[in-house]
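A quick write-up on the structure given underneath.
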Amino acid sequence: MEILKEMIAHAGLLYKIAYEKTDNSHDAEDLVQETFLSTFKLIKSGKKIDNIKAFMLKVLNFKYFNYIKNKKQDSILQINSENHYFFLQEQADSTSIDDELSKTKEAIIIRKELAYLSKIYREIMVLYYMEGKNVKEISCRLNVSVDIVKKRLSRGREKIKGGIEKMEHYTDNSFSPETLMIYLYGTTGSNFEPFSVVSGMFEQNLLILAYSKPTPIEELSKKIGIPMPYVEELVDKLVRNDLMDVYNNKVQTNFLIIDDELINTKIAAQRKFVDSHFDELKSFFEDLLNEYKATDILKNFDRTQQFIYALLSLGLLRKGYLVEALNLPTKIDIPMRPNEGKWIIECGKRKKHSTSDNKQMYYYYSKTFKMGNVDNISYEIWETPHSKLPFKETDKNNLDNTIFLLYNINEKKDLEPIKLSLVPDLLKYGYLINGKNGEKIVNIPIITQDEFNTIKNINIKYTEKYIDILGQRLIDYIDKTAIINPKHIKNVSAFGKLFGISELVQTYFLKGIEEGFINIDKNKNYPISILIKNEG
């Protein structure tokens, strides 16, 4: 670890230059950390560096150039999910060496030891070493005695020295990232608060770590594996935006958080509930599918697709509808929030990062846009465990390109060569099929607005019938399986309770297969997508 000690020796100079460039302590710290990570990565790859100081200054300048460039980029991506919104921070260069290094043991070591000091030590170290203040000047500025300044300065040196010497003993199990998606009731702030506040991975994991009990910031820093300066600023942001509360120098997340394990505990009850009345609903579902068939509007959907679409259209995933239709007590006191927001978080859903393809979430995408001077196109697309999109989940920008391509193929219009690269996946996932002469045929409904309204009215009629048949039983079931809120969560709406039925659609679907009501080919994808065109 000699090379790390040599690198650390130049941290003060690097920070001073970074601070002069950015005029912001947080950004300066980010630049220094990135400089260390990139330099260490190159050393580990075998690069020989004769003058470590000069080399790190060059890396810092390169990082500053990227910093300026990224400042100009729009970093917020909006995705519609179950009529809610969440925001993802766009990564400027996801394939960079820094991203590769960020997953390694060395990255965690460096993150901890570069600035793993509490605020009382760090501010004195910065004033003394970075800004050139003497002990007396620091004493006056911080309004503490000279002796305290000397003690904290000495202790700060010891902490840095001790941290470097112990680097080899750190392991990478102190940081295991998860994703936290929040569900909102109300109106966001002018800067899309609270979604924009929890767009980053660190913010999401701090909320998860501080959920079960009030936790000191220093403990959060150790658990999440990043230095105190960053954690303090992130926690301050979360507190200011009403996502955390402070208790005697400790912080705690102030809204309900659930995970897949908790939801899975409700699956047996959902299965029992569906088993108790599915026979009663067979004629109901048959009548609904027959009405679809009579219109001939959804002829591109087979019986299995029509059944999935029917389940998705009954309102079981639309919590606002269920609360209103079942007359559930809301008991919501929605306070005013920063930047003119007025909201309450129904729930936060945490999920560990996984490479598994076993998606159990349902996402809904819709949009309207002009295709040219003639056609105005809308689309409604459901993504389910059985209805996968023909591109990577992280590449939602291809959604519009997919719609353009499908529509132009259907209308026999000229095709852009760049969009033709989507054709193989569209065939694979069932959005296109090959015709007799090798031509490509669109395999999802492309209908008019009037035809879409016809289907919509059928769905509304049968949703009301479903509530008439099962209303009181559904209320009793929701009460019986409601997720219990921890005592520290004071203001919870009825919406949080409805996460106990989040797998109800999936349960009906599996019951339909078991009863022979529908058939499913496990090797086949069942797209649930509709294009609506309005001419003129």
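We label chains A, B, ... in the order they appear in the structure tokens, count residues from 1 in each chain, and number ligands from 1 in the order shown.
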If you count only C-alpha atoms, which residues fall within 8 Å of Phe255 in chain A, apart from same-chain ones fewer than 4 positions away, as JSON, numbers by chain? {"A": [243, 345, 346, 347, 348, 489, 492]}
Which of A:Lys533, A:Ile138, A:Glu20, A:Leu289 sits closest to Phe301 in chain A [using only C-alpha atoms]: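 For Phe301 in chain A, the nearest of the given residues is A:Leu289.
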Got a sec to tell me which of range 202-339 of chain A DSSP assigns to strand (DSSP E), as an MDAnalysis selection string? chainID A and resid 215:216 244:247 250:253 257:259 336:337
Would you mind exporting N, CA and C atoms of the selected residues as an mmCIF file, in the first residue's frame?
```
data_model
loop_
_atom_site.group_PDB
_atom_site.id
_atom_site.type_symbol
_atom_site.label_atom_id
_atom_site.label_comp_id
_atom_site.auth_asym_id
_atom_site.auth_seq_id
_atom_site.Cartn_x
_atom_site.Cartn_y
_atom_site.Cartn_z
ATOM 1 N N THR A 215 -30.575 6.374 13.639
ATOM 2 C CA THR A 215 -29.196 5.927 13.426
ATOM 3 C C THR A 215 -28.255 7.126 13.351
ATOM 4 N N PRO A 216 -27.119 7.082 14.043
ATOM 5 C CA PRO A 216 -26.135 8.164 13.928
ATOM 6 C C PRO A 216 -25.575 8.236 12.509
ATOM 7 N N MET A 244 -36.529 12.422 6.015
ATOM 8 C CA MET A 244 -35.927 11.920 7.246
ATOM 9 C C MET A 244 -36.259 12.872 8.389
ATOM 10 N N ASP A 245 -36.320 12.328 9.599
ATOM 11 C CA ASP A 245 -36.483 13.123 10.804
ATOM 12 C C ASP A 245 -35.241 12.981 11.673
ATOM 13 N N VAL A 246 -34.969 13.990 12.494
ATOM 14 C CA VAL A 246 -33.805 13.996 13.370
ATOM 15 C C VAL A 246 -34.251 13.759 14.807
ATOM 16 N N TYR A 247 -33.564 12.824 15.498
ATOM 17 C CA TYR A 247 -33.840 12.514 16.892
ATOM 18 C C TYR A 247 -32.516 12.483 17.660
ATOM 19 N N LYS A 250 -29.512 11.757 15.790
ATOM 20 C CA LYS A 250 -29.698 10.567 14.970
ATOM 21 C C LYS A 250 -30.793 10.863 13.945
ATOM 22 N N VAL A 251 -30.809 10.102 12.859
ATOM 23 C CA VAL A 251 -31.808 10.330 11.818
ATOM 24 C C VAL A 251 -32.576 9.041 11.539
ATOM 25 N N GLN A 252 -33.804 9.216 11.068
ATOM 26 C CA GLN A 252 -34.629 8.055 10.733
ATOM 27 C C GLN A 252 -35.547 8.391 9.572
ATOM 28 N N THR A 253 -35.676 7.452 8.645
ATOM 29 C CA THR A 253 -36.585 7.595 7.506
ATOM 30 C C THR A 253 -38.024 7.641 8.011
ATOM 31 N N ILE A 257 -41.496 1.628 4.225
ATOM 32 C CA ILE A 257 -40.674 0.935 3.229
ATOM 33 C C ILE A 257 -40.985 -0.560 3.293
ATOM 34 N N ILE A 258 -41.226 -1.141 2.138
ATOM 35 C CA ILE A 258 -41.491 -2.577 2.066
ATOM 36 C C ILE A 258 -40.503 -3.200 1.080
ATOM 37 N N ASP A 259 -40.447 -4.512 1.047
ATOM 38 C CA ASP A 259 -39.573 -5.206 0.108
ATOM 39 C C ASP A 259 -40.274 -6.459 -0.402
ATOM 40 N N MET A 336 -47.869 20.741 3.292
ATOM 41 C CA MET A 336 -47.102 21.475 2.297
ATOM 42 C C MET A 336 -45.629 21.083 2.433
ATOM 43 N N ARG A 337 -44.951 21.009 1.306
ATOM 44 C CA ARG A 337 -43.559 20.575 1.274
ATOM 45 C C ARG A 337 -42.680 21.647 0.645
#
```
Env of Gly500 in chain A: 10 Å cut, atoms = only C-alpha atoms, seq-sep filter 6 positions within chain, self excluded. Answer as a list in words.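 The filter keeps Leu262, Ile263, Asn264, Thr265, Lys266, Ile267, Ala269, Gln270, Tyr477, Ile478, Asp479, Lys480, Thr481, Ala482, Ile483 and Ile484 of chain A.
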Between A:Glu280, A:Glu219, A:Asp302, A:Glu340, smallest distance to Glu193 in chain A by only C-alpha atoms belongs to A:Glu340
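The space separating CA of Asp468 in chain A from CA of Ile520 in chain A comes to 29.4 Å.
In terms of minimum interatomic distance to Leu206 in chain A, A:Glu218 ranks closest within A:Asp30, A:Glu137, A:Glu218, A:Glu503, counting only C-alpha atoms.
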Using only C-alpha atoms, which of A:Lys428, A:Lys436, A:Lys48, A:Lys21 sits nearest Asn61 in chain A?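 Of the candidates, the smallest distance to Asn61 in chain A is held by A:Lys21.
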Expressed in Å, the length from CA of Asn434 in chain A to CA of Asp450 in chain A is 28.8 Å
With only C-alpha atoms as the counted atoms, please give the residues lying no more than 10 Å from Val505 in chain A, apart from itself and same-chain residues fewer than 6 positions off, as number ranges by chain. A: 270, 274, 308, 310-312, 314-317, 362, 511
By how many Å are CA of Leu504 in chain A and CA of Lys293 in chain A apart?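 CA of Leu504 in chain A sits 24.8 Å away from CA of Lys293 in chain A.
If you measure from each of A:Glu383, A:Asp400, A:Asp23, A:Glu2 to Lys367 in chain A using only C-alpha atoms, the closest one turns out to be A:Asp400.
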Using only C-alpha atoms, determine which residues lie at most 6 Å from Asn443 in chain A, disregarding the query and same-chain residues fewer than 3 positions distant; provide the list as an MDAnalysis selection string. chainID A and resid 300 431:432
Please give the complete set of residues from range 173-422 of chain A that DSSP, run on the backbone, assigns to helix (DSSP H, G or I), formatted as a PyMOL selection string. chain A and resi 173-174+195-198+201-209+217-224+228-240+260-264+267-295+303-313+319-325+338-340+398-410+417-422
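Counting only C-alpha atoms and comparing A:Gln204, A:Lys5, A:Ile297, A:Val198, the residue that lies closest to Thr454 in chain A is A:Ile297.
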